[in-house]
Structure formats: C-alpha cells, structure tokens
>>> print(open('upload_25.pdb').read())   # PDB, C-alpha atoms
ATOM      1  CA  MET R   1      16.338  11.730  -8.072
ATOM      2  CA  ILE R   2      13.735  14.129  -6.700
ATOM      3  CA  ARG R   3      10.957  15.174  -9.066
ATOM      4  CA  PHE R   4       7.239  15.861  -9.064
ATOM      5  CA  SER R   5       4.847  13.877 -11.244
ATOM      6  CA  LEU R   6       1.394  15.414 -11.497
ATOM      7  CA  HIS R   7       0.025  12.225 -13.094
ATOM      8  CA  ARG R   8       1.233  10.045 -10.215
ATOM      9  CA  CYS R   9      -0.014  12.587  -7.701
ATOM     10  CA  LEU R  10      -3.506  12.409  -9.225
ATOM     11  CA  VAL R  11      -3.393   8.599  -9.253
ATOM     12  CA  SER R  12      -2.297   8.674  -5.615
ATOM     13  CA  LEU R  13      -5.144  11.003  -4.610
ATOM     14  CA  THR R  14      -7.652   8.823  -6.486
ATOM     15  CA  LEU R  15      -6.389   5.700  -4.722
ATOM     16  CA  LEU R  16      -6.582   7.497  -1.372
ATOM     17  CA  ALA R  17     -10.223   8.393  -2.047
ATOM     18  CA  ILE R  18     -10.977   4.760  -2.934
ATOM     19  CA  LEU R  19      -9.223   3.527   0.211
ATOM     20  CA  VAL R  20     -11.152   5.964   2.409
ATOM     21  CA  PHE R  21     -14.409   4.875   0.763
ATOM     22  CA  ILE R  22     -13.562   1.208   1.376
ATOM     23  CA  ALA R  23     -12.615   1.897   4.993
ATOM     24  CA  LEU R  24     -15.805   3.837   5.718
ATOM     25  CA  TYR R  25     -18.442   2.002   3.709
ATOM     26  CA  VAL R  26     -17.365  -1.511   2.738
ATOM     27  CA  LYS R  27     -18.033  -4.050   5.472
ATOM     28  CA  ASP R  28     -17.167  -7.428   3.998
ATOM     29  CA  SER R  29     -14.569 -10.159   4.340
ATOM     30  CA  PHE R  30     -12.775  -9.753   0.995
ATOM     31  CA  ILE R  31     -12.726  -6.251  -0.482
ATOM     32  CA  ARG R  32     -11.940  -4.363   2.706
ATOM     33  CA  PRO R  33      -9.282  -6.675   4.164
ATOM     34  CA  PHE R  34      -7.700  -8.114   1.019
ATOM     35  CA  ILE R  35      -8.298  -5.752  -1.908
ATOM     36  CA  GLY R  36      -7.773  -2.841   0.485
ATOM     37  CA  ASP R  37      -4.318  -4.203   1.354
ATOM     38  CA  VAL R  38      -3.472  -4.666  -2.326
ATOM     39  CA  LEU R  39      -4.537  -1.076  -3.011
ATOM     40  CA  VAL R  40      -2.739   0.409  -0.007
ATOM     41  CA  VAL R  41       0.590  -0.916  -1.298
ATOM     42  CA  ILE R  42      -0.131   0.505  -4.750
ATOM     43  CA  TRP R  43      -1.060   3.811  -3.079
ATOM     44  CA  ILE R  44       2.207   3.919  -1.122
ATOM     45  CA  TYR R  45       4.111   3.126  -4.333
ATOM     46  CA  THR R  46       2.397   5.961  -6.193
ATOM     47  CA  CYS R  47       3.028   8.351  -3.289
ATOM     48  CA  VAL R  48       6.732   7.535  -3.372
ATOM     49  CA  THR R  49       6.996   7.727  -7.155
ATOM     50  CA  THR R  50       5.178  11.064  -7.182
ATOM     51  CA  VAL R  51       8.289  12.684  -5.713
ATOM     52  CA  VAL R  52      11.110  10.180  -6.297
ATOM     53  CA  GLN R  53      12.301   8.801  -9.609
ATOM     54  CA  CYS R  54      13.941   5.427  -9.034
ATOM     55  CA  LYS R  55      14.047   2.036 -10.691
ATOM     56  CA  PRO R  56      10.626   0.383 -10.339
ATOM     57  CA  LEU R  57      12.109  -2.812  -8.895
ATOM     58  CA  VAL R  58      13.985  -0.896  -6.191
ATOM     59  CA  THR R  59      10.931   1.192  -5.314
ATOM     60  CA  SER R  60       8.530  -1.743  -5.258
ATOM     61  CA  LEU R  61      10.881  -3.848  -3.123
ATOM     62  CA  GLY R  62      11.266  -0.928  -0.715
ATOM     63  CA  VAL R  63       7.496  -0.545  -0.450
ATOM     64  CA  LEU R  64       7.094  -4.312  -0.031
ATOM     65  CA  LEU R  65       9.717  -4.376   2.737
ATOM     66  CA  PHE R  66       7.934  -1.485   4.455
ATOM     67  CA  ALA R  67       4.571  -3.300   4.248
ATOM     68  CA  TYR R  68       6.092  -6.548   5.524
ATOM     69  CA  SER R  69       7.669  -4.591   8.393
ATOM     70  CA  ILE R  70       4.289  -3.221   9.434
ATOM     71  CA  GLU R  71       2.845  -6.736   9.377
ATOM     72  CA  TRP R  72       5.785  -8.044  11.411
ATOM     73  CA  ALA R  73       5.181  -5.237  13.926
ATOM     74  CA  GLN R  74       1.607  -6.502  14.238
ATOM     75  CA  TYR R  75       2.868 -10.052  14.757
ATOM     76  CA  VAL R  76       5.150  -9.051  17.633
ATOM     77  CA  GLN R  77       2.608  -6.483  18.908
ATOM     78  CA  VAL R  78       4.926  -3.486  18.871
ATOM     79  CA  LEU R  79       2.128  -1.090  19.840
ATOM     80  CA  THR R  80       1.509  -3.112  22.997
ATOM     81  CA  TRP R  81       5.231  -3.104  23.830
ATOM     82  CA  LEU R  82       5.296   0.664  23.443
ATOM     83  CA  GLY R  83       2.154   1.110  25.532
ATOM     84  CA  LEU R  84       0.284   2.557  22.537
ATOM     85  CA  ALA R  85      -2.243  -0.218  21.892
ATOM     86  CA  ASP R  86      -5.148   1.917  23.186
ATOM     87  CA  HIS R  87      -4.556   4.721  20.673
ATOM     88  CA  THR R  88      -7.263   4.348  18.030
ATOM     89  CA  ALA R  89      -5.440   6.274  15.301
ATOM     90  CA  LEU R  90      -2.287   4.171  15.650
ATOM     91  CA  ARG R  91      -4.300   0.944  15.623
ATOM     92  CA  ILE R  92      -6.003   2.061  12.399
ATOM     93  CA  ILE R  93      -2.737   3.103  10.732
ATOM     94  CA  PHE R  94      -0.656   0.131  11.830
ATOM     95  CA  GLY R  95      -3.393  -2.453  12.138
ATOM     96  CA  ALA R  96      -3.936  -4.729  15.068
ATOM     97  CA  THR R  97      -3.644  -8.328  13.946
ATOM     98  CA  PHE R  98      -1.153 -10.277  11.889
ATOM     99  CA  ASP R  99      -2.520 -12.177   8.895
ATOM    100  CA  TRP R 100      -0.547 -14.253   6.388
ATOM    101  CA  LEU R 101      -2.990 -13.226   3.664
ATOM    102  CA  ASP R 102      -1.902  -9.608   4.172
ATOM    103  CA  LEU R 103       1.604 -10.582   3.062
ATOM    104  CA  LEU R 104       0.096 -12.109  -0.082
ATOM    105  CA  ALA R 105      -1.961  -8.960  -0.707
ATOM    106  CA  TYR R 106       1.124  -6.747  -0.324
ATOM    107  CA  THR R 107       3.072  -8.944  -2.727
ATOM    108  CA  ILE R 108       0.263  -8.833  -5.294
ATOM    109  CA  GLY R 109       0.083  -5.038  -4.967
ATOM    110  CA  CYS R 110       3.797  -4.658  -5.625
ATOM    111  CA  GLY R 111       3.526  -7.084  -8.534
ATOM    112  CA  ILE R 112       0.789  -4.921 -10.040
ATOM    113  CA  CYS R 113       3.052  -1.875  -9.689
ATOM    114  CA  LEU R 114       5.878  -3.660 -11.503
ATOM    115  CA  LEU R 115       3.574  -4.908 -14.257
ATOM    116  CA  ASP R 116       2.201  -1.405 -14.742
ATOM    117  CA  GLU R 117       5.708   0.076 -14.944
ATOM    118  CA  HIS R 118       6.692  -2.424 -17.639
ATOM    119  CA  ARG R 119       3.557  -2.302 -19.801
ATOM    120  CA  PRO R 120       3.929  -0.781 -23.237
ATOM    121  CA  PRO R 121       2.794   2.843 -23.425
ATOM    122  CA  LEU R 122      -0.697   3.486 -24.683
ATOM    123  CA  SER R 123      -0.760   4.555 -28.330
ATOM    124  CA  PRO R 124      -2.129   7.984 -29.023
ATOM    125  CA  SER R 125      -5.560   7.990 -30.570
ATOM    126  CA  ARG R 126      -6.080   9.698 -33.904
TER     127      ARG R 126
END
>>> encode(input="upload_25.pdb", output="structure tokens")
Amino acid sequence: MIRFSLHRCLVSLTLLAILVFIALYVKDSFIRPFIGDVLVVIWIYTCVTTVVQCKPLVTSLGVLLFAYSIEWAQYVQVLTWLGLADHTALRIIFGATFDWLDLLAYTIGCGICLLDEHRPPLSPSR
C-alpha cells in the first residue's frame, strides 16, 4: 500500500546525512566500511517504508536481497563487464570490491530494522 510517513522520511534524511558525513570525513577500517554498510541498509529500509506500507519481514528481506545482489555484482565485476568500471559515480554507488563482511553488515542492518519494527511503542510521558 502506498503512503507517506513524515517520521520515516525524517529518519531517512537523518541517516543520509550521517552516511554522507561518514563517507566524507571518517577514514578508518571499521566505522566507514562496516558500520556504514549496516547504516546504508537501514537507510534503504527507511526510504522504502517512507512510501510503502508492507510487512516488516517482507520489506527487510527485499532490502537484504537487494544489498546481497549489489555485493554479488561486485564479486562478478558487473561494472567491468558493462565497460563502466572507470565511472567514478558508479563505483561509489555500487562499490568496487566484494567482501564477506559486507554481507554480515547488511544482515545486521536488516536485523536492526526488524527489531525496531517489533519493539514495544514508547510510552507517552506525563
């Protein structure tokens, strides 16, 4: 079902800002490559759920399959096959190298989305 969720839109924009900050300013071997991959899956999930209302399990599995597909494309070097490996923007968007830890990060990100969807609602403060 199509809908618009302002709350999820704001969460999505916040995550995008964090991801851009990480990409531009964090130069390490854990936050940028691993936490960034966890967050990018959560960001994609929130983008989808901003405009689509669907069961959380279905949405998270769809996002996970999409993320795994991108990683598989890196493994088989799809950009090279298509003659697009020299395009900087595509290499940034799709990544350049396969890493098993990315699959773990994507799985953790989707798990966080599912846990968040099934947490009890916050009680209103008095």
>>> residues_around(input="upload_25.pdb", residues="Cys113 (chain R)", least_positions_apart="2", cutoff="9 Å", atoms="all atoms listed in the file", output="ChimeraX atom specification")
/R:41-42,45-46,56,60,108-111,115-118
>>> resolve_selection(input="upload_25.pdb", expression="the PyMOL selection byres ((chain R and resi 20-24) around 12)", output="ChimeraX atom specification")
/R:13-19,25-37,39-40,43,92-93
>>> atom_distance(input="upload_25.pdb", atom1="CA of Leu104 (chain R)", atom2="CA of Thr50 (chain R)")
24.8 Å
>>> residues_around(input="upload_25.pdb", residues="region 64-68 of chain R", least_positions_apart="2", cutoff="8 Å", atoms="all atoms listed in the file", output="number ranges by chain")
R: 41, 60-62, 70-72, 103, 106-107, 110
>>> atom_distance(input="upload_25.pdb", atom1="CA of Thr97 (chain R)", atom2="CA of Tyr75 (chain R)")
6.8 Å
>>> atom_distance(input="upload_25.pdb", atom1="CA of Ile2 (chain R)", atom2="CA of Leu57 (chain R)")
17.2 Å
>>> closest_residue(input="upload_25.pdb", among="R:Leu122, R:Cys9, R:Leu82, R:Leu114", to="Thr59 (chain R)", atoms="only C-alpha atoms")
R:Leu114
>>> closest_residue(input="upload_25.pdb", among="R:Ser5, R:Ala105, R:Ala73, R:Val48", to="Arg91 (chain R)", atoms="all atoms listed in the file")
R:Ala73
>>> closest_residue(input="upload_25.pdb", among="R:Leu90, R:Ala85, R:Val38, R:Met1", to="Lys55 (chain R)", atoms="all atoms listed in the file")
R:Met1
